[in-house]
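Reproduced below: start.txt, with compact mmCIF, C-alpha atoms.
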```txt
# COMPACT_ATOMS: atom_id res chain seq x y z
CA MET A 251 290.65 142.61 54.76
CA ASN A 252 289.40 139.01 54.57
CA ASP A 253 291.35 135.74 54.35
CA LEU A 254 290.93 135.36 50.60
CA GLU A 255 292.68 138.64 49.96
CA ASN A 256 295.66 137.42 52.04
CA LEU A 257 296.29 134.45 49.74
CA THR A 258 299.48 134.58 47.71
CA ARG A 259 299.59 133.71 44.04
CA ARG A 260 301.43 130.45 44.90
CA GLU A 261 298.72 129.45 47.40
CA LEU A 262 295.99 130.14 44.86
CA LEU A 263 297.73 127.94 42.28
CA LYS A 264 298.03 125.16 44.87
CA MET A 265 294.31 125.40 45.66
CA SER A 266 293.28 125.26 42.01
CA GLY A 267 295.57 122.30 41.44
CA LEU A 268 293.96 120.46 44.32
CA SER A 269 290.51 121.27 42.96
CA ILE A 270 291.35 119.86 39.54
CA ALA A 271 292.83 116.74 41.11
CA GLY A 272 289.71 116.30 43.24
CA ILE A 273 287.35 116.64 40.30
CA THR A 274 289.42 114.17 38.26
CA PHE A 275 289.34 111.71 41.15
CA LEU A 276 285.57 112.00 41.58
CA ALA A 277 285.04 111.64 37.84
CA ALA A 278 287.16 108.51 37.84
CA CYS A 279 285.11 107.11 40.74
CA GLY A 280 281.98 107.77 38.72
CA ALA A 281 283.37 105.94 35.73
CA GLN A 282 284.28 102.92 37.88
CA SER A 283 280.75 102.87 39.28
CA GLY A 284 279.28 102.63 35.83
CA VAL A 285 277.92 106.16 35.80
CA THR A 286 277.34 107.31 32.24
CA ALA A 287 279.69 110.06 31.15
CA SER A 288 278.00 113.42 31.06
CA PRO A 289 279.07 116.75 29.59
CA ASN A 290 277.65 118.36 32.71
CA ILE A 291 280.37 117.22 35.12
CA ALA A 292 280.52 120.55 36.89
CA SER A 293 276.77 120.63 37.62
CA ALA A 294 275.15 119.35 40.78
CA GLY A 295 272.61 116.56 40.44
CA THR A 296 271.40 115.10 37.20
CA VAL A 297 269.90 116.90 34.25
CA PRO A 298 266.47 115.54 33.34
CA PRO A 299 266.14 114.41 29.75
CA THR A 300 264.52 116.90 27.41
CA THR A 301 262.44 116.22 24.37
CA ALA A 302 263.04 118.61 21.54
CA LEU A 303 260.02 119.87 19.63
CA GLY A 304 259.83 117.78 16.48
CA GLU A 305 259.44 119.12 13.00
CA VAL A 306 256.03 120.73 13.13
CA VAL A 307 254.21 123.18 10.92
CA VAL A 308 252.27 126.17 12.22
CA SER A 309 249.54 126.02 9.63
CA ASP A 310 246.19 127.79 9.53
CA THR A 311 244.51 124.65 10.84
CA VAL A 312 246.96 124.44 13.76
CA LEU A 313 246.14 128.02 14.69
CA LEU A 314 242.42 127.37 14.47
CA ARG A 315 242.71 124.11 16.44
CA THR A 316 244.52 126.08 19.14
CA ALA A 317 241.70 128.62 19.20
CA ALA A 318 239.17 125.79 19.50
CA SER A 319 241.15 124.33 22.41
CA LEU A 320 240.92 127.66 24.24
CA GLU A 321 237.16 127.61 23.79
CA TYR A 322 237.07 124.26 25.54
CA SER A 323 239.34 125.55 28.32
CA ALA A 324 236.79 128.32 28.92
CA ILE A 325 233.86 125.88 28.69
CA ASP A 326 235.46 123.59 31.27
CA ALA A 327 236.29 126.48 33.60
CA TYR A 328 232.72 127.79 33.43
CA THR A 329 231.34 124.30 34.08
CA THR A 330 233.55 124.05 37.17
CA MET A 331 232.32 127.44 38.38
CA LEU A 332 228.67 126.55 37.84
CA ASP A 333 228.76 122.95 39.08
CA GLY A 334 231.09 123.80 41.94
CA GLY A 335 228.75 126.48 43.26
CA LEU A 336 231.48 129.11 43.10
CA LEU A 337 229.15 131.97 42.17
CA THR A 338 227.67 132.93 45.51
CA GLY A 339 226.53 136.07 47.31
CA ASP A 340 226.58 139.19 45.15
CA PHE A 341 227.82 137.11 42.22
CA ALA A 342 225.03 134.51 42.28
CA SER A 343 223.01 136.59 39.82
CA LEU A 344 225.77 136.14 37.28
CA LYS A 345 224.96 132.45 36.73
CA ASP A 346 222.71 133.11 33.74
CA ALA A 347 225.37 135.24 32.08
CA ILE A 348 228.01 132.56 32.69
CA LYS A 349 225.70 129.94 31.17
CA ARG A 350 225.24 132.19 28.16
CA PHE A 351 229.00 132.65 27.83
CA ARG A 352 229.50 128.89 28.03
CA ASP A 353 226.88 128.36 25.32
CA ASP A 354 228.62 130.99 23.19
CA HIS A 355 231.96 129.23 23.62
CA ASN A 356 230.37 125.95 22.56
CA GLY A 357 229.07 127.71 19.46
CA HIS A 358 232.49 129.25 18.81
CA ALA A 359 234.23 125.88 19.18
CA ASP A 360 231.83 124.26 16.73
CA ALA A 361 232.27 127.11 14.26
CA ILE A 362 236.06 127.04 14.46
CA ASN A 363 236.19 123.25 14.19
CA THR A 364 233.96 123.41 11.12
CA LEU A 365 236.52 125.72 9.55
CA VAL A 366 239.36 123.40 10.59
CA VAL A 367 237.68 120.47 8.86
CA SER A 368 236.83 122.48 5.76
CA TYR A 369 240.51 123.41 5.45
CA GLY A 370 241.62 119.79 5.68
CA GLY A 371 242.37 119.58 9.40
CA LYS A 372 241.02 117.46 12.21
CA ALA A 373 238.57 119.00 14.68
CA HIS A 374 239.95 119.47 18.18
CA LYS A 375 237.27 119.06 20.83
CA CYS A 376 239.04 119.35 24.15
CA ALA A 377 240.78 121.96 26.27
CA ASN A 378 244.28 123.28 25.74
CA THR A 379 246.44 121.16 28.01
CA ARG A 380 249.15 123.74 28.52
CA VAL A 381 246.73 126.59 29.21
CA ASN A 382 244.89 124.42 31.71
CA ASN A 383 248.08 123.18 33.37
CA ILE A 384 249.73 126.54 33.84
CA TYR A 385 246.75 128.91 34.17
CA VAL A 386 243.29 127.45 34.68
CA ASP A 387 244.02 124.57 37.05
CA PRO A 388 246.32 126.57 39.37
CA ALA A 389 243.81 129.42 39.38
CA LEU A 390 240.90 127.14 40.27
CA LYS A 391 243.03 125.53 42.99
CA LEU A 392 243.70 128.96 44.51
CA ILE A 393 240.05 129.96 44.22
CA THR A 394 238.70 126.82 45.89
CA ALA A 395 241.38 126.56 48.59
CA ASP A 396 240.27 126.66 52.22
CA GLY A 397 240.34 130.12 53.70
CA ASN A 398 239.59 132.03 50.53
CA ALA A 399 236.72 134.31 51.50
CA ASP A 400 236.70 135.86 48.02
CA ALA A 401 236.09 132.69 45.99
CA ALA A 402 233.12 134.08 44.06
CA ARG A 403 234.86 137.31 43.09
CA ASP A 404 238.02 135.39 42.21
CA ALA A 405 235.99 133.10 39.96
CA VAL A 406 234.69 136.13 38.07
CA THR A 407 238.23 137.51 37.91
CA LEU A 408 239.38 134.26 36.30
CA ALA A 409 236.44 134.32 33.88
CA HIS A 410 237.32 137.89 32.89
CA ALA A 411 240.95 136.91 32.35
CA LEU A 412 239.97 133.91 30.21
CA GLU A 413 237.71 136.06 28.03
CA ASN A 414 240.52 138.56 27.54
CA LEU A 415 242.90 135.69 26.78
CA ALA A 416 240.52 134.35 24.14
CA THR A 417 240.09 137.83 22.64
CA GLN A 418 243.86 138.28 22.45
CA THR A 419 244.36 134.82 20.98
CA TYR A 420 242.02 135.51 18.08
CA GLN A 421 243.50 138.96 17.53
CA GLY A 422 247.01 137.51 17.72
CA ILE A 423 246.48 134.75 15.17
CA VAL A 424 245.31 137.29 12.59
CA ALA A 425 248.99 138.09 12.05
CA LEU A 426 249.76 134.41 11.48
CA LEU A 427 246.85 133.16 9.40
CA ALA A 428 247.75 132.92 5.72
CA GLU A 429 244.19 132.83 4.40
CA PRO A 430 242.57 136.30 4.64
CA SER A 431 239.01 135.01 4.95
CA LEU A 432 240.05 133.03 8.05
CA ARG A 433 241.29 136.22 9.67
CA GLY A 434 237.79 137.65 9.38
CA SER A 435 236.30 134.47 10.77
CA ALA A 436 238.71 134.57 13.71
CA MET A 437 237.76 138.12 14.58
CA ARG A 438 234.08 137.40 14.19
CA VAL A 439 234.54 135.12 17.18
CA GLY A 440 237.19 137.26 18.88
CA GLN A 441 234.94 140.30 19.06
CA ASP A 442 232.35 138.14 20.83
CA GLU A 443 234.89 137.25 23.52
CA ALA A 444 235.64 140.96 23.94
CA ARG A 445 231.94 141.59 24.65
CA HIS A 446 231.96 138.86 27.30
CA ALA A 447 234.97 140.54 28.88
CA VAL A 448 233.13 143.87 29.08
CA VAL A 449 230.14 142.33 30.86
CA LEU A 450 232.45 140.71 33.42
CA ALA A 451 234.55 143.86 33.78
CA GLN A 452 231.42 145.82 34.66
CA VAL A 453 230.62 143.23 37.34
CA LEU A 454 234.10 143.48 38.86
CA ASN A 455 234.37 147.25 38.57
CA PRO A 456 231.02 148.82 37.67
CA GLY A 457 230.08 152.25 36.44
CA TYR A 458 231.20 154.91 34.01
CA MET A 459 234.44 155.57 35.87
CA ALA A 460 235.43 151.95 35.24
CA ILE A 461 235.17 152.10 31.46
CA GLY A 462 238.63 153.48 30.74
CA PRO A 463 241.91 152.62 32.44
CA SER A 464 242.37 153.69 36.06
CA THR A 465 244.66 152.88 38.97
CA ASP A 466 243.90 151.77 42.51
CA GLU A 467 245.24 154.57 44.71
CA VAL A 468 246.03 152.18 47.57
CA THR A 469 247.77 149.35 45.72
CA GLY A 470 248.99 151.29 42.71
CA LYS A 471 247.73 148.47 40.49
CA ALA A 472 245.59 148.90 37.40
CA LYS A 473 241.89 148.47 38.08
CA VAL A 474 239.70 146.29 35.89
CA ALA A 475 238.60 148.35 32.89
CA SER A 476 235.87 147.61 30.36
CA VAL A 477 237.88 149.28 27.59
CA PRO A 478 241.45 149.23 28.87
CA SER A 479 243.10 150.67 25.76
CA ALA A 480 242.34 152.30 22.42
CA PHE A 481 243.66 149.30 20.48
CA GLY A 482 243.33 145.63 21.37
CA SER A 483 246.27 144.69 23.55
CA LEU A 484 248.33 141.52 23.20
CA SER A 485 250.25 141.95 26.45
CA SER A 486 250.11 139.50 29.35
CA ILE A 487 247.05 139.49 31.61
CA GLN A 488 247.77 139.94 35.31
CA ILE A 489 245.36 138.63 37.94
CA SER A 490 245.53 138.11 41.71
CA LEU A 491 243.62 135.22 43.26
CA GLY A 492 243.18 133.15 46.39
CA ALA A 493 243.42 133.71 50.10
CA PRO A 494 245.73 136.60 50.99
CA ASN A 495 249.10 135.77 52.58
CA SER A 496 250.28 137.19 55.90
CA GLU A 497 251.01 140.51 54.21
CA GLY A 498 247.55 140.69 52.67
CA ALA A 499 248.68 139.93 49.13
CA LYS A 500 246.96 137.41 46.89
CA THR A 501 248.84 135.11 44.53
CA SER A 502 249.53 136.72 41.18
CA LEU A 503 249.16 134.90 37.89
CA SER A 504 250.23 136.16 34.49
CA LEU A 505 248.33 134.75 31.52
CA GLU A 506 249.70 134.83 28.00
CA THR A 507 248.29 133.65 24.69
CA PRO A 508 249.48 130.20 23.54
CA SER A 509 252.98 130.24 22.12
CA LEU A 510 254.79 127.57 20.11
CA ASN A 511 254.69 125.14 23.03
CA GLY A 512 250.96 125.70 23.53
CA LEU A 513 249.74 125.31 19.97
CA VAL A 514 247.58 122.31 19.07
CA TYR A 515 249.62 120.78 16.27
CA ASP A 516 248.11 118.31 13.84
CA GLU A 517 249.68 115.40 15.73
CA ILE A 518 247.96 116.33 19.00
CA SER A 519 244.63 114.69 19.76
CA CYS A 520 242.29 114.71 22.73
CA MET B 99 259.52 123.89 13.41
CA THR B 100 258.43 125.74 10.34
CA THR B 101 256.05 128.59 9.95
CA ASN B 102 252.72 128.71 8.20
CA THR B 103 252.88 126.85 4.91
CA SER B 104 249.16 126.98 4.18
CA SER B 105 249.87 129.17 1.18
CA ALA B 106 252.37 131.73 -0.02
CA ALA B 107 253.52 134.17 2.65
CA PRO B 108 251.19 137.19 2.73
CA PRO B 109 252.63 140.63 1.97
CA LYS B 110 253.43 142.96 4.85
CA MET B 111 252.30 146.25 3.34
CA PRO B 112 248.80 146.91 1.97
CA THR B 113 248.22 145.98 -1.66
CA ASN B 114 246.43 148.44 -3.95
CA ALA B 115 243.16 146.64 -3.31
CA ASP B 116 243.86 146.75 0.43
CA LYS B 117 244.38 150.50 0.23
CA GLN B 118 240.91 151.05 -1.16
CA LEU B 119 239.35 149.05 1.66
CA LEU B 120 241.50 150.67 4.33
CA ASP B 121 240.64 154.11 2.97
CA PHE B 122 236.97 153.20 3.27
CA ALA B 123 237.63 152.17 6.88
CA LEU B 124 239.40 155.48 7.47
CA SER B 125 236.50 157.51 6.09
CA ALA B 126 234.06 155.55 8.25
CA GLU B 127 236.16 156.14 11.36
CA LEU B 128 236.20 159.88 10.68
CA SER B 129 232.41 159.82 10.43
CA VAL B 130 232.01 157.93 13.69
CA HIS B 131 234.39 160.32 15.43
CA GLU B 132 232.27 163.23 14.25
CA LEU B 133 229.05 161.54 15.33
CA TYR B 134 230.47 161.31 18.84
CA VAL B 135 231.54 164.95 18.68
CA LYS B 136 227.98 165.90 17.73
CA ALA B 137 226.64 163.96 20.72
CA ILE B 138 229.22 165.50 23.08
CA ASP B 139 228.44 169.00 21.84
CA SER B 140 224.69 168.51 22.26
CA GLY B 141 224.76 169.57 25.90
CA MET B 142 222.37 166.77 26.80
CA LEU B 143 224.88 164.34 28.29
CA SER B 144 225.62 163.89 31.98
CA PRO B 145 229.28 164.33 33.00
CA ASP B 146 229.70 160.53 33.15
CA GLU B 147 228.13 159.99 29.75
CA LYS B 148 230.17 162.82 28.29
CA MET B 149 233.39 161.34 29.68
CA MET B 150 232.58 157.97 28.12
CA MET B 151 231.76 159.45 24.74
CA GLU B 152 234.88 161.60 24.77
CA LEU B 153 236.92 158.45 25.39
CA PHE B 154 235.24 156.57 22.55
CA SER B 155 235.48 159.61 20.28
CA GLU B 156 239.23 159.80 20.87
CA HIS B 157 239.56 156.10 20.10
CA HIS B 158 237.91 156.55 16.72
CA LYS B 159 240.14 159.51 16.00
CA SER B 160 243.13 157.31 16.83
CA TYR B 161 241.89 154.65 14.41
CA ALA B 162 241.56 157.22 11.65
CA GLN B 163 245.05 158.52 12.38
CA SER B 164 246.55 155.02 12.39
CA LEU B 165 244.86 154.10 9.14
CA ASN B 166 246.04 157.40 7.69
CA GLY B 167 249.58 156.56 8.78
CA LEU B 168 249.39 153.17 7.11
CA LEU B 169 247.94 154.54 3.88
CA GLY B 170 250.18 157.58 3.55
CA LYS B 171 249.45 159.41 0.31
CA ALA B 172 246.70 156.94 -0.54
CA ALA B 173 244.55 158.28 2.29
CA THR B 174 241.74 160.59 1.21
CA ASN B 175 241.00 161.72 4.76
CA THR B 176 237.40 162.64 4.17
CA ARG B 177 234.49 161.42 6.24
CA ASN B 178 231.93 159.02 4.83
CA GLU B 179 229.02 161.40 4.26
CA SER B 180 226.49 158.64 3.82
CA LEU B 181 227.34 157.06 7.16
CA TYR B 182 227.37 160.41 8.94
CA ALA B 183 224.07 161.54 7.44
CA THR B 184 222.33 158.26 8.24
CA TYR B 185 222.93 158.60 11.95
CA ALA B 186 223.51 162.29 12.73
CA GLY B 187 219.85 163.20 12.56
CA GLN B 188 218.95 160.45 15.01
CA LEU B 189 221.00 161.86 17.90
CA THR B 190 217.99 163.62 19.38
CA SER B 191 218.07 162.51 23.04
CA VAL B 192 220.44 160.79 25.43
CA GLN B 193 218.58 157.51 25.04
CA ALA B 194 218.71 157.85 21.27
CA MET B 195 222.41 158.65 21.38
CA ASN B 196 223.16 155.52 23.39
CA ARG B 197 221.07 153.39 21.06
CA VAL B 198 222.32 154.94 17.82
CA LEU B 199 225.99 155.02 18.77
CA GLN B 200 225.82 151.39 19.91
CA SER B 201 224.35 150.55 16.52
CA VAL B 202 227.15 152.52 14.86
CA GLU B 203 229.77 150.59 16.85
CA ASN B 204 228.19 147.28 15.88
CA THR B 205 228.14 148.38 12.26
CA MET B 206 231.81 149.29 12.44
CA VAL B 207 232.64 145.86 13.90
CA ALA B 208 230.80 144.17 11.04
CA THR B 209 232.39 146.47 8.46
CA HIS B 210 235.95 146.01 9.71
CA THR B 211 235.47 142.24 10.01
CA ASP B 212 234.30 142.17 6.41
CA ILE B 213 237.25 144.29 5.30
CA LEU B 214 239.67 142.12 7.27
CA SER B 215 238.49 139.08 5.35
CA SER B 216 239.76 140.66 2.14
CA LEU B 217 242.98 142.31 3.24
CA GLN B 218 246.15 140.68 1.93
CA GLY B 219 248.74 142.79 3.74
CA LEU B 220 249.49 141.87 7.34
CA ASP B 221 250.08 145.42 8.58
CA GLY B 222 246.57 146.42 7.62
CA ALA B 223 245.10 143.17 8.90
CA THR B 224 246.69 143.41 12.34
CA LEU B 225 245.69 147.06 12.70
CA VAL B 226 242.06 146.38 11.75
CA ALA B 227 241.93 143.36 14.08
CA SER B 228 243.12 145.49 16.99
CA ILE B 229 240.36 148.01 16.21
CA ILE B 230 237.61 145.38 15.97
CA THR B 231 238.09 144.09 19.52
CA VAL B 232 237.82 147.57 21.01
CA GLU B 233 234.83 148.66 18.95
CA ALA B 234 233.08 145.50 20.11
CA ARG B 235 233.90 146.59 23.65
CA HIS B 236 232.41 150.04 22.96
CA ALA B 237 229.20 148.40 21.73
CA ALA B 238 229.07 146.12 24.77
CA VAL B 239 229.53 149.05 27.15
CA PHE B 240 226.36 150.60 25.73
CA GLY B 241 224.66 147.33 26.65
CA THR B 242 225.85 147.49 30.26
CA LEU B 243 225.39 151.21 30.97
CA PRO B 244 223.34 153.01 32.12
CA SER B 245 221.52 149.72 32.81
CA SER B 246 222.69 146.21 32.13
CA ASN B 247 221.09 144.29 29.29
CA LEU B 248 222.98 141.12 28.42
CA SER B 249 221.37 140.67 25.03
CA SER B 250 222.13 144.24 24.07
CA ALA B 251 225.76 143.88 25.17
CA LEU B 252 226.37 140.60 23.35
CA ASN B 253 224.11 140.49 20.33
CA SER B 254 224.57 142.36 17.09
CA ALA B 255 222.59 142.11 13.89
CA ALA B 256 224.52 144.91 12.22
CA SER B 257 225.43 144.62 8.56
CA SER B 258 228.73 145.52 6.99
CA LEU B 259 229.05 148.71 4.97
CA ALA B 260 232.27 147.59 3.30
CA PRO B 261 232.35 147.81 -0.48
CA ASN B 262 233.49 144.76 -2.43
CA ALA B 263 234.85 143.00 0.62
CA ALA B 264 234.87 139.24 0.71
CA PRO B 265 232.81 137.71 3.50
CA ALA B 266 234.56 135.83 6.27
CA ALA B 267 234.86 132.10 5.72
CA ALA B 268 231.44 130.59 6.33
CA THR B 269 230.86 129.10 9.74
CA THR B 270 227.96 127.30 11.30
CA GLU B 271 228.10 129.41 14.43
CA LYS B 272 224.73 130.10 15.97
CA LYS B 273 223.88 132.85 18.36
CA VAL B 274 222.37 131.53 21.53
CA SER B 275 219.57 133.43 23.13
CA PRO B 276 220.09 134.29 26.78
```
Representation of the structure as structure tokens:
Amino acid sequence: MNDLENLTRRELLKMSGLSIAGITFLAACGAQSGVTASPNIASAGTVPPTTALGEVVVSDTVLLRTAASLEYSAIDAYTTMLDGGLLTGDFASLKDAIKRFRDDHNGHADAINTLVVSYGGKAHKCANTRVNNIYVDPALKLITADGNADAARDAVTLAHALENLATQTYQGIVALLAEPSLRGSAMRVGQDEARHAVVLAQVLNPGYMAIGPSTDEVTGKAKVASVPSAFGSLSSIQISLGAPNSEGAKTSLSLETPSLNGLVYDEISC
Amino acid sequence: MTTNTSSAAPPKMPTNADKQLLDFALSAELSVHELYVKAIDSGMLSPDEKMMMELFSEHHKSYAQSLNGLLGKAATNTRNESLYATYAGQLTSVQAMNRVLQSVENTMVATHTDILSSLQGLDGATLVASIITVEARHAAVFGTLPSSNLSSALNSAASSLAPNAAPAAATTEKKVSP
């Protein structure tokens, strides 16, 4: 039996009374010191100020501007891979394909921005800040870190993930776009991203056995598949990148399509 | 935050006009499924090729079943004879099967994209969108196997078969040659 269980009811009441007195005393000290009263007295440290999302509208142009921003995220990532010399060894032959993909994304961005403008919006010609901050930049940092012997393969893994993310984004906004003709336009681009993903999937895991879903017998993880499911998935995209830790595991990242805090609202500019 | 105010909220279920387009999509999917079955039953495919085509065949069957589920009594559940007849006679060799079935997949992508541009109901739109991405993947696989050809994987000049479907909103997108 431990000491706490030996406490009598009277002793417990005494302790709680002392605690209340102590908190009141400390609060009074804070008031004397000019500390602003806070509803979070019981919390440790200070709560950083938060900025609530203002009154914004998720319009068709916002959805399309978000799609355009993802195109620029992909363009920037591919430029980093090409200019940074990340595609080496067995993956060096992929440079022409990556250049083609980048050109395609430029074409997609122009096409989407043309639609944005024709529907009364303002073209968005830069990357998605949130997607870059939480996915692309950390991934590139892991890939280019010292000691990563798999940088080239990891770069292709990131490219594959970004193509799948773009595919999912276009598929996902179909459910949100109000104008039917824009849904078709979105998927005209989205199906292109899916083709890119297949080419990269066949580089990462080539052959007929890699077309459908399969599992790595050693790790138990899903292998890269060219056609991972019968219907286009909207679930998160899991990738592992960077130098392995002491247990041989790479850092895992989970990519998801832009949500409300990742959309490019009308007020956002480059 | 408010949701999309670009126009009136779209309906969830297919409209009567949607049902006609979705039924066309269903009949086309049945035809494509049967084209794959014809290729599989030809006895000309290697085990790897057969496995791939069985996978794709099952996908198309799933699309037909899903469209049937969405349409309910409005589904006619008959294959598109014109589509089937156009391609069935061309499945004469393994090379021809790869080429023809890739062309069929590209045609289905174009057809569904066209249909999607006209659908009012969101249930039909989201289902068709989820089919488009995978049929594009099927087409791209034919461009990467048995040998890799980037142009074949990425480019498509296929035309839509959809009747009375509105085209997607015009874009200035240009295909870039590799």
Counting all atoms listed in the file, what are the residues of chain A within 6 Å of chain B, and for each of them which pair of atoms is the nearest and at what distance in Å, to one decimal? Sort the table by chain and rising number, as CSV.
```
residue,atom,partner,partner_atom,distance
A:Glu305,CA,B:Met99,CA,4.8
A:Val306,CA,B:Met99,CA,4.7
A:Val307,CA,B:Thr100,CA,5.0
A:Val308,CA,B:Asn102,CA,4.8
A:Ser309,CA,B:Asn102,CA,4.4
A:Arg350,CA,B:Pro276,CA,5.7
A:Gly357,CA,B:Glu271,CA,5.4
A:Ala361,CA,B:Glu271,CA,4.8
A:Gln421,CA,B:Ala227,CA,5.8
A:Ala425,CA,B:Thr224,CA,5.8
A:Pro430,CA,B:Ser215,CA,5.0
A:Ser431,CA,B:Ser215,CA,4.1
A:Leu432,CA,B:Ala267,CA,5.8
A:Arg433,CA,B:Ser215,CA,5.9
A:Gly434,CA,B:Ser215,CA,4.3
A:Ser435,CA,B:Ala266,CA,5.0
A:Gln441,CA,B:Thr231,CA,4.9
A:Ala444,CA,B:Arg235,CA,5.9
A:Arg445,CA,B:Ala238,CA,5.4
A:Tyr458,CA,B:Asp146,CA,5.9
A:Ala480,CA,B:His157,CA,5.2
A:Phe481,CA,B:Ser228,CA,5.2
A:Gly482,CA,B:Ser228,CA,4.4
```
Using all atoms of range 131-148 of chain B listed in the file and a margin of 5 Å per side, can you give the axis-aligned box centre and edge lengths in Å to one decimal, as AutoDock Vina command-line options?
```
--center_x 228.4 --center_y 164.8 --center_z 23.7 --size_x 22.0 --size_y 19.6 --size_z 28.9
```
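Restricting the calculation to only C-alpha atoms, the smallest distance between Asn356 in chain A and any of A:Arg315, A:Arg438, A:Arg403, A:Lys375 is found for A:Lys375.
Distance-wise, CA of Ser191 in chain B and CA of Ser258 in chain B end up 25.7 Å apart.
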Open item on the list: as a count of residues only, please: the residues near range 368-372 of chain A (cut-off 9 Å, only C-alpha atoms, same-chain neighbours under 4 positions excluded).
Closed with: 8
Task: For range 321-329 of chain A: contacts at 8 Å, all atoms listed in the file, fewer than 6 positions along chain excluded, given as an MDAnalysis selection string - done: chainID A and resid 348:349 352 355:356 358:359 375:378 381:382 386 409 412:413 416
Task: Point-to-point distance in Å for CA of Ala172 in chain B and CA of Ser125 in chain B - done: 12.2 Å
Open item on the list: What does the structure give for the distance between CA of Thr301 in chain A and CA of Tyr385 in chain A, in Å to one decimal?
Closed with: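 Between CA of Thr301 in chain A and CA of Tyr385 in chain A the gap works out to 22.4 Å.
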TODO: With a distance cut-off of 10 Å and all atoms listed in the file, select the neighbouring residues of Arg197 in chain B, excluding the residue or stretch itself and same-chain residues fewer than 3 positions from it, and output the selection as a PyMOL selection string.
DONE: chain B and resi 188-189+191-194+200-202+237+240-241+250
Open item on the list: At a cut-off of 6 Å, using all atoms listed in the file, what residues contact Leu491 in chain A? Leave out same-chain residues fewer than 6 positions from it and give the result as a PyMOL selection string.
Closed with: chain A and resi 404+500-501
- [ ] Give me the residues within 10 Å of Ala186 in chain B as a ChimeraX atom specification, counting all atoms listed in the file and dropping any in the same chain fewer than 5 places off.
- [x] /B:129-130,132-134,136-137,181,195,198-199
- [ ] Go through A:Asn414, A:Gly470, A:Lys345, A:Ala460 one by one, measure the shortest atom-to-atom distance of each to Met331 in chain A using all atoms listed in the file, and give the residue with the smallest value.
- [x]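 Residue with the minimum atom-to-atom distance to Met331 in chain A: A:Lys345.
Comparing A:Pro298, A:Pro494, A:Gly304, A:Pro508 by their smallest distance to Gly397 in chain A, the closest is A:Pro494 (using all atoms listed in the file).
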